[in-house]
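> Here you go, input22.tsv (TSV, C-alpha atoms and all ligand atoms):
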chain	number	residue	atom	x	y	z
A	9	MET	CA	16.75	-14.74	-41.37
A	10	GLU	CA	15.51	-15.32	-37.91
A	11	THR	CA	12.62	-13.11	-36.91
A	12	GLU	CA	12.33	-12.08	-33.33
A	13	VAL	CA	8.70	-11.74	-32.48
A	14	GLN	CA	8.15	-11.42	-28.78
A	15	THR	CA	5.21	-13.38	-27.48
A	16	MET	CA	2.78	-11.65	-25.15
A	17	LYS	CA	4.04	-13.95	-22.37
A	18	GLU	CA	7.59	-12.67	-22.89
A	19	ILE	CA	6.41	-9.07	-22.94
A	20	MET	CA	4.49	-9.64	-19.69
A	21	GLN	CA	7.61	-11.24	-18.20
A	22	GLU	CA	9.65	-8.17	-19.05
A	23	LYS	CA	6.99	-5.93	-17.53
A	24	TRP	CA	6.92	-8.02	-14.36
A	25	ASN	CA	10.61	-7.34	-13.86
A	26	LYS	CA	10.55	-3.71	-14.96
A	27	ARG	CA	10.99	-0.97	-12.35
A	28	PRO	CA	9.02	1.15	-11.96
A	29	LEU	CA	6.03	-0.80	-13.22
A	30	ILE	CA	3.22	1.55	-14.25
A	31	ILE	CA	-0.35	0.29	-14.56
A	32	SER	CA	-3.09	2.63	-15.68
A	33	GLY	CA	-6.54	2.66	-17.20
A	34	PRO	CA	-10.09	3.43	-16.21
A	35	CYS	CA	-11.71	2.35	-12.97
A	36	SER	CA	-14.32	0.61	-15.13
A	37	ALA	CA	-14.52	-0.36	-18.78
A	38	GLU	CA	-17.65	1.61	-19.69
A	39	THR	CA	-17.90	1.49	-23.49
A	40	GLU	CA	-15.63	0.22	-26.24
A	41	GLU	CA	-15.03	3.79	-27.35
A	42	GLN	CA	-13.99	4.89	-23.85
A	43	MET	CA	-11.74	1.85	-23.48
A	44	LEU	CA	-9.97	2.25	-26.81
A	45	GLY	CA	-9.72	6.03	-26.44
A	46	THR	CA	-8.14	5.75	-23.02
A	47	ALA	CA	-5.82	2.95	-24.12
A	48	THR	CA	-4.47	4.77	-27.19
A	49	ARG	CA	-3.91	7.99	-25.29
A	50	LEU	CA	-2.19	6.06	-22.48
A	51	ALA	CA	0.04	4.26	-24.97
A	52	ALA	CA	0.95	7.64	-26.48
A	53	THR	CA	2.44	8.74	-23.14
A	54	GLY	CA	5.09	6.05	-23.57
A	55	LYS	CA	5.11	5.64	-19.77
A	56	VAL	CA	2.46	3.01	-19.19
A	57	ASP	CA	3.31	-0.70	-19.01
A	58	LEU	CA	-0.05	-2.30	-18.44
A	59	LEU	CA	-3.62	-1.38	-19.17
A	60	ARG	CA	-6.14	-1.86	-16.35
A	61	ALA	CA	-9.93	-1.78	-16.33
A	62	GLY	CA	-12.63	-3.03	-13.99
A	63	ILE	CA	-15.03	-5.44	-15.68
A	64	TRP	CA	-16.79	-6.72	-12.57
A	65	LYS	CA	-17.13	-3.86	-10.10
A	66	PRO	CA	-17.75	-4.55	-6.42
A	67	ARG	CA	-19.95	-1.61	-5.39
A	68	THR	CA	-20.81	-0.72	-1.84
A	69	LYS	CA	-24.50	-0.20	-2.61
A	70	PRO	CA	-26.83	-1.76	-5.17
A	71	GLY	CA	-27.98	0.33	-8.09
A	72	LEU	CA	-24.55	1.71	-8.91
A	73	PHE	CA	-22.74	0.70	-12.10
A	74	GLU	CA	-21.47	-2.82	-11.47
A	75	GLY	CA	-19.36	-3.20	-14.58
A	76	ASN	CA	-20.18	-4.56	-18.02
A	77	GLY	CA	-18.96	-8.06	-17.27
A	78	VAL	CA	-17.72	-10.35	-20.03
A	79	VAL	CA	-19.06	-8.02	-22.72
A	80	ALA	CA	-16.15	-5.70	-21.97
A	81	LEU	CA	-13.43	-8.34	-22.30
A	82	PRO	CA	-13.25	-8.14	-26.13
A	83	TRP	CA	-12.83	-4.35	-25.79
A	84	LEU	CA	-9.78	-4.91	-23.63
A	85	ALA	CA	-8.43	-7.56	-25.98
A	86	ASN	CA	-8.91	-5.07	-28.81
A	87	ALA	CA	-7.14	-2.31	-26.86
A	88	LYS	CA	-4.22	-4.70	-26.37
A	89	LYS	CA	-4.14	-5.48	-30.09
A	90	ILE	CA	-4.06	-1.79	-31.01
A	91	THR	CA	-1.59	-0.57	-28.37
A	92	GLY	CA	0.50	-3.66	-27.67
A	93	LEU	CA	-0.07	-3.10	-23.95
A	94	PRO	CA	-0.73	-6.18	-21.81
A	95	ILE	CA	-4.04	-6.03	-19.95
A	96	THR	CA	-5.17	-6.62	-16.39
A	97	VAL	CA	-8.58	-6.96	-14.71
A	98	GLU	CA	-9.87	-7.55	-11.20
A	99	VAL	CA	-11.18	-11.03	-10.46
A	100	ALA	CA	-13.30	-12.05	-7.49
A	101	THR	CA	-14.68	-15.47	-8.42
A	102	ALA	CA	-13.55	-18.64	-10.21
A	103	LYS	CA	-15.89	-17.71	-13.08
A	104	HIS	CA	-14.12	-14.35	-13.47
A	105	VAL	CA	-10.78	-16.14	-13.72
A	106	GLU	CA	-12.14	-18.50	-16.34
A	107	GLU	CA	-13.57	-15.66	-18.45
A	108	ALA	CA	-10.45	-13.50	-18.13
A	109	LEU	CA	-8.24	-16.38	-19.23
A	110	LYS	CA	-10.46	-16.99	-22.27
A	111	PHE	CA	-9.61	-13.47	-23.42
A	112	ASN	CA	-5.89	-13.83	-22.67
A	113	VAL	CA	-5.80	-11.29	-19.87
A	114	ASP	CA	-2.10	-11.00	-18.98
A	115	LEU	CA	-2.26	-10.27	-15.26
A	116	LEU	CA	-5.01	-10.57	-12.67
A	117	TRP	CA	-5.55	-8.56	-9.56
A	118	ILE	CA	-7.56	-9.36	-6.46
A	119	GLY	CA	-9.53	-6.41	-5.09
A	120	ALA	CA	-9.54	-5.17	-1.53
A	121	ARG	CA	-13.08	-6.43	-0.89
A	122	THR	CA	-12.05	-9.91	-1.97
A	123	THR	CA	-8.79	-10.17	-0.03
A	124	VAL	CA	-10.83	-9.87	3.18
A	125	ASN	CA	-12.70	-13.06	2.43
A	126	PRO	CA	-10.75	-16.32	2.77
A	127	PHE	CA	-13.54	-18.27	1.02
A	128	SER	CA	-13.25	-16.05	-2.05
A	129	VAL	CA	-9.47	-16.04	-2.03
A	130	GLN	CA	-9.42	-19.84	-1.76
A	131	GLU	CA	-11.90	-20.10	-4.63
A	132	LEU	CA	-9.58	-17.92	-6.73
A	133	ALA	CA	-6.55	-19.95	-5.69
A	134	ASP	CA	-8.28	-23.18	-6.70
A	135	ALA	CA	-9.19	-21.66	-10.07
A	136	LEU	CA	-5.57	-20.59	-10.56
A	137	LYS	CA	-4.05	-23.98	-9.85
A	138	GLY	CA	-1.75	-24.90	-12.72
A	139	VAL	CA	-2.36	-21.56	-14.48
A	140	ASP	CA	0.72	-19.57	-15.42
A	141	ILE	CA	-0.37	-15.97	-14.83
A	142	PRO	CA	0.95	-13.26	-12.50
A	143	VAL	CA	-1.42	-12.07	-9.76
A	144	LEU	CA	-1.38	-8.87	-7.72
A	145	ILE	CA	-3.17	-8.85	-4.37
A	146	LYS	CA	-4.60	-5.63	-3.01
A	147	ASN	CA	-4.54	-5.18	0.75
A	148	PRO	CA	-7.79	-6.01	2.55
A	149	ILE	CA	-10.00	-2.96	3.14
A	150	HIS	CA	-9.27	-2.96	6.87
A	151	PRO	CA	-5.77	-2.98	8.34
A	152	ASP	CA	-5.30	-6.72	8.87
A	153	LEU	CA	-1.92	-7.89	7.60
A	154	GLU	CA	-2.65	-11.52	8.44
A	155	LEU	CA	-5.44	-11.60	5.85
A	156	TRP	CA	-3.10	-10.06	3.28
A	157	SER	CA	-0.43	-12.65	4.13
A	158	GLY	CA	-3.08	-15.38	4.09
A	159	ALA	CA	-4.02	-14.49	0.52
A	160	ILE	CA	-0.35	-14.67	-0.54
A	161	GLU	CA	-0.04	-18.08	1.11
A	162	ARG	CA	-3.21	-19.42	-0.51
A	163	LEU	CA	-1.93	-18.47	-3.97
A	164	GLN	CA	1.58	-19.73	-3.36
A	165	LYS	CA	0.25	-23.00	-2.01
A	166	VAL	CA	-1.47	-23.83	-5.31
A	167	GLY	CA	1.71	-22.97	-7.19
A	168	VAL	CA	1.10	-19.42	-8.46
A	169	GLN	CA	4.69	-18.36	-9.15
A	170	GLN	CA	4.35	-14.63	-9.61
A	171	VAL	CA	2.57	-12.96	-6.74
A	172	GLY	CA	2.80	-9.24	-6.01
A	173	LEU	CA	1.06	-6.72	-3.77
A	174	ILE	CA	-0.90	-3.53	-4.27
A	175	HIS	CA	-1.20	-1.05	-1.43
A	176	ARG	CA	-4.51	0.85	-1.80
A	177	GLY	CA	-4.92	2.15	1.73
A	178	PHE	CA	-7.27	1.14	4.54
A	179	SER	CA	-10.84	2.09	5.18
A	180	SER	CA	-11.70	4.14	8.25
A	181	TYR	CA	-14.82	5.70	9.68
A	182	GLY	CA	-15.56	9.37	9.22
A	183	ASN	CA	-14.14	12.08	7.04
A	184	THR	CA	-10.42	11.85	6.69
A	185	GLU	CA	-7.88	13.49	4.42
A	186	PHE	CA	-7.73	10.26	2.42
A	187	ARG	CA	-10.45	8.02	1.02
A	188	ASN	CA	-8.41	5.13	2.38
A	189	ALA	CA	-5.74	5.93	4.96
A	190	PRO	CA	-2.30	4.90	3.67
A	191	MET	CA	-0.96	3.67	7.06
A	192	TRP	CA	2.45	3.39	5.42
A	193	HIS	CA	3.92	1.27	8.21
A	194	LEU	CA	1.68	-1.62	7.11
A	195	PRO	CA	2.98	-2.02	3.53
A	196	ILE	CA	6.47	-1.46	4.96
A	197	GLU	CA	5.88	-4.41	7.30
A	198	MET	CA	4.80	-6.51	4.29
A	199	LYS	CA	8.08	-5.58	2.56
A	200	ARG	CA	9.91	-6.83	5.62
A	201	ARG	CA	7.92	-10.08	5.68
A	202	TYR	CA	8.24	-10.74	1.95
A	203	PRO	CA	11.60	-9.38	0.82
A	204	GLY	CA	11.82	-9.15	-2.96
A	205	MET	CA	8.06	-9.46	-3.50
A	206	MET	CA	6.71	-6.82	-5.85
A	207	LEU	CA	4.86	-4.06	-4.03
A	208	ILE	CA	3.16	-1.29	-5.96
A	209	CYS	CA	1.02	1.59	-4.76
A	210	ASP	CA	-2.49	2.55	-5.87
A	211	PRO	CA	-2.64	6.27	-5.04
A	212	SER	CA	-6.04	6.63	-6.77
A	213	HIS	CA	-7.93	4.59	-4.16
A	214	ILE	CA	-5.82	5.98	-1.30
A	215	CYS	CA	-6.57	9.59	-2.27
A	216	GLY	CA	-10.09	9.43	-3.66
A	217	ASN	CA	-9.36	12.77	-5.34
A	218	ARG	CA	-6.94	14.16	-7.91
A	219	THR	CA	-5.12	16.73	-5.83
A	220	LEU	CA	-3.20	14.31	-3.63
A	221	LEU	CA	-2.17	11.86	-6.35
A	222	GLN	CA	1.22	13.41	-7.04
A	223	SER	CA	2.36	13.59	-3.41
A	224	VAL	CA	1.11	10.11	-2.50
A	225	SER	CA	2.82	8.66	-5.57
A	226	GLN	CA	6.09	10.36	-4.61
A	227	LYS	CA	5.76	9.17	-1.03
A	228	SER	CA	5.43	5.56	-2.20
A	229	ILE	CA	8.49	5.90	-4.42
A	230	ASP	CA	10.46	7.31	-1.51
A	231	LEU	CA	9.46	4.20	0.43
A	232	ASP	CA	10.94	2.07	-2.36
A	233	PHE	CA	7.69	0.79	-3.88
A	234	ASP	CA	8.13	-1.00	-7.21
A	235	GLY	CA	5.52	0.88	-9.20
A	236	LEU	CA	2.12	2.51	-9.38
A	237	MET	CA	-1.43	1.70	-10.37
A	238	LEU	CA	-3.25	4.91	-11.26
A	239	GLU	CA	-6.75	5.25	-12.67
A	240	SER	CA	-7.17	7.23	-15.89
A	241	HIS	CA	-10.09	8.09	-18.13
A	242	ILE	CA	-10.70	10.11	-21.32
A	243	ASP	CA	-13.39	12.10	-19.50
A	244	PRO	CA	-12.76	11.74	-15.75
A	245	ASP	CA	-15.60	14.00	-14.57
A	246	ASN	CA	-18.13	11.82	-16.33
A	247	ALA	CA	-16.68	8.44	-15.34
A	248	TRP	CA	-19.28	5.87	-14.29
A	249	SER	CA	-17.28	4.98	-11.16
A	250	ASP	CA	-14.62	6.76	-9.10
A	251	ALA	CA	-14.98	9.98	-11.11
A	252	LYS	CA	-13.30	12.20	-8.52
A	253	GLN	CA	-10.00	10.36	-8.51
A	254	GLN	CA	-9.45	9.64	-12.21
A	255	VAL	CA	-7.21	11.76	-14.44
A	256	THR	CA	-6.82	12.08	-18.20
A	257	PRO	CA	-3.91	10.18	-19.79
A	258	GLU	CA	-2.22	13.55	-20.40
A	259	ARG	CA	-2.51	14.55	-16.73
A	260	LEU	CA	-1.17	11.12	-15.84
A	261	LEU	CA	1.89	11.82	-17.96
A	262	GLU	CA	2.40	15.10	-16.10
A	263	ILE	CA	2.16	13.33	-12.75
A	264	LEU	CA	4.58	10.59	-13.80
A	265	SER	CA	7.03	13.08	-15.30
A	266	GLY	CA	7.03	15.06	-12.06
A	267	LEU	CA	8.08	12.08	-9.96
A	268	ILE	CA	11.63	11.51	-8.80
A	269	TRP	CA	12.46	7.82	-8.86
A	270	ARG	CA	14.87	7.04	-6.08
A	271	HIS	CA	16.59	3.68	-5.63
A	272	GLU	CA	17.03	1.71	-2.45
A	273	SER	CA	20.72	1.11	-3.03
A	274	THR	CA	23.72	2.09	-5.13
A	275	THR	CA	27.22	0.75	-5.63
A	276	GLU	CA	28.83	4.17	-5.37
A	277	GLN	CA	31.57	3.83	-2.71
A	278	GLU	CA	31.54	7.38	-1.40
A	279	PHE	CA	27.81	7.18	-0.75
A	280	ILE	CA	28.14	3.78	0.91
A	281	ASN	CA	30.94	5.04	3.20
A	282	ALA	CA	28.99	8.13	4.22
A	283	LEU	CA	25.93	6.04	4.93
A	284	THR	CA	27.89	3.49	6.96
A	285	THR	CA	29.35	6.20	9.18
A	286	LEU	CA	25.96	7.79	9.77
A	287	ARG	CA	24.34	4.42	10.45
A	288	GLU	CA	26.99	3.60	13.04
A	289	GLN	CA	26.15	6.85	14.76
A	290	ILE	CA	22.47	5.98	14.65
A	291	ASN	CA	23.20	2.59	16.23
A	292	GLN	CA	25.13	4.40	18.94
A	293	VAL	CA	22.26	6.79	19.63
A	294	ASP	CA	19.73	3.92	19.62
A	295	ASP	CA	21.83	2.07	22.22
A	296	GLU	CA	21.88	5.17	24.40
A	297	LEU	CA	18.15	5.67	24.00
A	298	MET	CA	17.54	2.08	25.09
A	299	THR	CA	19.76	2.49	28.14
A	300	LEU	CA	17.92	5.69	29.06
A	301	LEU	CA	14.53	4.01	28.58
A	302	GLY	CA	15.66	1.21	30.87
A	303	GLN	CA	16.68	3.80	33.48
A	304	ARG	CA	13.37	5.59	33.06
A	305	MET	CA	11.44	2.39	33.79
A	306	LYS	CA	13.58	1.73	36.89
A	307	LEU	CA	12.57	5.18	38.21
A	308	SER	CA	8.99	4.35	37.37
A	309	ASP	CA	9.33	1.08	39.32
A	310	ARG	CA	10.48	3.04	42.37
A	311	ILE	CA	7.50	5.39	42.07
A	312	GLY	CA	5.27	2.32	41.78
A	313	GLN	CA	6.67	1.04	45.04
A	314	TYR	CA	5.82	4.35	46.81
A	315	LYS	CA	2.32	4.38	45.29
A	316	LYS	CA	1.78	0.86	46.53
A	317	GLU	CA	2.88	1.66	50.05
A	318	ASN	CA	0.62	4.73	50.14
A	319	ASP	CA	-2.42	3.26	48.34
A	320	ILE	CA	-2.21	5.73	45.46
A	321	THR	CA	-3.56	4.97	41.96
A	322	ILE	CA	-1.14	4.28	39.14
A	323	LEU	CA	-2.72	6.74	36.74
A	324	GLN	CA	-2.49	10.37	37.72
A	325	THR	CA	-3.99	12.44	34.97
A	326	ASN	CA	-2.49	15.78	35.99
A	327	ARG	CA	1.00	14.38	36.09
A	328	TRP	CA	0.50	12.80	32.68
A	329	ASN	CA	-0.69	16.12	31.22
A	330	ASP	CA	2.40	17.84	32.65
A	331	ILE	CA	4.68	15.30	31.01
A	332	LEU	CA	3.04	15.78	27.63
A	333	GLU	CA	3.06	19.56	27.94
A	334	ARG	CA	6.81	19.57	28.69
A	335	ALA	CA	7.44	17.14	25.85
A	336	PHE	CA	5.55	19.26	23.30
A	337	GLN	CA	7.56	22.32	24.29
A	338	ASN	CA	10.84	20.46	23.87
A	339	ALA	CA	9.68	18.80	20.67
A	340	GLU	CA	9.23	22.05	18.84
A	341	ASN	CA	12.83	23.11	19.48
A	342	LEU	CA	14.11	19.68	18.47
A	343	GLY	CA	12.18	19.53	15.19
A	344	LEU	CA	10.01	16.61	16.31
A	345	SER	CA	6.36	16.50	15.30
A	346	LYS	CA	3.58	16.62	17.87
A	347	GLU	CA	2.14	13.46	16.33
A	348	PHE	CA	5.36	11.52	16.83
A	349	ILE	CA	5.87	12.78	20.38
A	350	THR	CA	2.31	11.82	21.29
A	351	LYS	CA	2.79	8.29	19.93
A	352	TYR	CA	6.18	7.96	21.61
A	353	PHE	CA	4.99	9.12	25.02
A	354	ASP	CA	1.85	7.00	24.76
A	355	ALA	CA	4.05	3.95	24.29
A	356	VAL	CA	6.40	4.95	27.14
A	357	HIS	CA	3.45	5.68	29.41
A	358	LEU	CA	1.84	2.33	28.66
A	359	GLU	CA	5.07	0.48	29.42
A	360	SER	CA	5.45	2.47	32.61
A	361	ILE	CA	1.91	1.59	33.72
A	362	GLN	CA	2.62	-2.08	33.04
A	363	HIS	CA	5.76	-1.87	35.20
A	364	GLN	CA	3.86	-0.23	38.05
A	365	ASN	CA	1.00	-2.71	37.69
A	366	ARG	CA	3.45	-5.56	38.19
A	367	ILE	CA	4.80	-3.89	41.31
A	368	MET	CA	1.34	-3.08	42.73
A	369	ASN	CA	0.26	-6.67	42.34
A	370	SER	CA	3.46	-8.39	43.43
A	401	LIG	C1	-10.36	-0.70	-8.38
A	401	LIG	O1	-9.16	-0.90	-8.55
A	401	LIG	O2	-11.10	-0.09	-9.18
A	401	LIG	C2	-10.96	-1.17	-7.11
A	401	LIG	C3	-12.22	-1.56	-7.02
A	401	LIG	O3	-10.10	-1.08	-6.11
A	401	LIG	P1	-10.13	-1.60	-4.58
A	401	LIG	O4	-10.28	-3.08	-4.65
A	401	LIG	O5	-8.79	-1.16	-4.12
A	401	LIG	O6	-11.25	-0.89	-3.91
A	402	MN	MN	-11.78	2.41	-8.87
Please rewrite the model in this file as structure tokens.
Ligand code: PEP
Ligand code: MN


Amino acid sequence: METEVQTMKEIMQEKWNKRPLIISGPCSAETEEQMLGTATRLAATGKVDLLRAGIWKPRTKPGLFEGNGVVALPWLANAKKITGLPITVEVATAKHVEEALKFNVDLLWIGARTTVNPFSVQELADALKGVDIPVLIKNPIHPDLELWSGAIERLQKVGVQQVGLIHRGFSSYGNTEFRNAPMWHLPIEMKRRYPGMMLICDPSHICGNRTLLQSVSQKSIDLDFDGLMLESHIDPDNAWSDAKQQVTPERLLEILSGLIWRHESTTEQEFINALTTLREQINQVDDELMTLLGQRMKLSDRIGQYKKENDITILQTNRWNDILERAFQNAENLGLSKEFITKYFDAVHLESIQHQNRIMNS
């Protein structure tokens, strides 16, 4: 009789293609007991595909817990043996890659503080040459898509076949609602640049707290992300790193069970027909909007001409305030947010100024 024992490589392959892909585990592997406890309780949820843990922790300031290093790798290997879950760690140097591979780590991820540094990313790429292991790249801490793309290119150039992305939000100064602002348009742009490339969301590092995890996770699903990486811990309040944002495996299950997984497409004809009709209407409206914007700029050109002839400045603050005030009033009735209207009019205003500038200086 033929026995069918799946190798870990095959299991990892299945996971790589599974949607949604759910990665969870503690921010840091603290003790063997914590690691095994978290892993078994995560496995019991039946919803987790991969076990994560930080072994080498990049900390903003010295003196904080910087991870247990290689000592923790056997704990992860043990957790895999007990639960059957493939394991993943963050790597930042060639040495990390070498150590992780020694312990048969199944997937590697590159942290946000590493993606910003082309030297580090190249060092990782060189260490990964000829190695058959999937790699997920977190976005750089600041909103620079070229660096994110650069990291993808560096890995692909050395032949890494399976490259995916993790959106963990972007750092900004001052107190904001999020620890790292999601700036959703940026991961969406990466989806456009790399169609078909896996993109998962890390709501834990976006939120920095537990309360927003559910809504940020749902938001990413609605934007057609391929999965989630969420931090979990047997005793979140006493975690050695990122205590505020970690949840117990049981809370994780609640969060995951509360999510509605929507798909980007379907083959259902009625739905497709309805969508096609609505999209045609949207195209129509977009065409009209463009025509109107063109007309608006022509009017602006004529005003520019008058300003030029009468030596009047382009920017007239009072007039600009009036425009915004009128727009806000209209927006409310039309169900448009103040934030959107501000962005829209800023863009229109800027274009208008450029038009008038051209006229002034012609
Ligand atoms: C982490 O995943 O624990 C981590 C350090 O994340 P990031 O690189 O996104 O800050
Ligand atoms: Mn963390």

> Using all atoms listed in the file, pick whichever of A:Gly302, A:Pro244, A:Gly172, A:Pro126 has the shortest atom-to-atom distance to ligand MN 402 (chain A).

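Using all atoms listed in the file, the shortest distance to ligand MN 402 (chain A) belongs to A:Pro244.
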
> Quick check, in Å to one decimal: how far apart do CA of Ser370 (chain A) and CA of Leu358 (chain A) lie?

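Taking CA of Ser370 (chain A) as the start and CA of Leu358 (chain A) as the end point, the length is 18.3 Å.
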
> Taking only C-alpha atoms and all ligand atoms and a cut-off of 9 Å, can you tell me which residues surround ligand LIG 401 (chain A), written as an NGL selection string?

:A and (34-36 or 60-62 or 64-67 or 97-98 or 117-123 or 146-149 or 174-177 or 210 or 212-214 or 237-239 or 249-250)

> Just how far from CA of Leu236 (chain A) is CA of Pro211 (chain A), in Å to one decimal?

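Value for the CA of Pro211 (chain A)-CA of Leu236 (chain A) distance: 7.5 Å.
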
> Choose the residue, out of A:Leu115, A:Lys26, A:Val356, A:Leu81, that has the smallest atom-to-atom separation from Leu300 (chain A); count all atoms listed in the file.

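Using all atoms listed in the file, Leu300 (chain A) sits closest to A:Val356.
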
> Mind checking which residues fall within 12 Å of region 342-351 of chain A, counting all atoms listed in the file, ignoring those fewer than 5 positions away in the same chain, and posting them as number ranges by chain?

A: 328-329, 331-337, 356-358

> Determine the nearest neighbour of Ser308 (chain A) from the options A:Arg49, A:Arg366, A:His271, A:Lys110, counting all atoms listed in the file.

A:Arg366

> Rank A:Ile322, A:Val105, A:Val124, A:Ile95 by their smallest atom-to-atom distance to Lys17 (chain A), using all atoms listed in the file, and report the top residue only.

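The shortest atom-to-atom distance to Lys17 (chain A) comes from A:Ile95.
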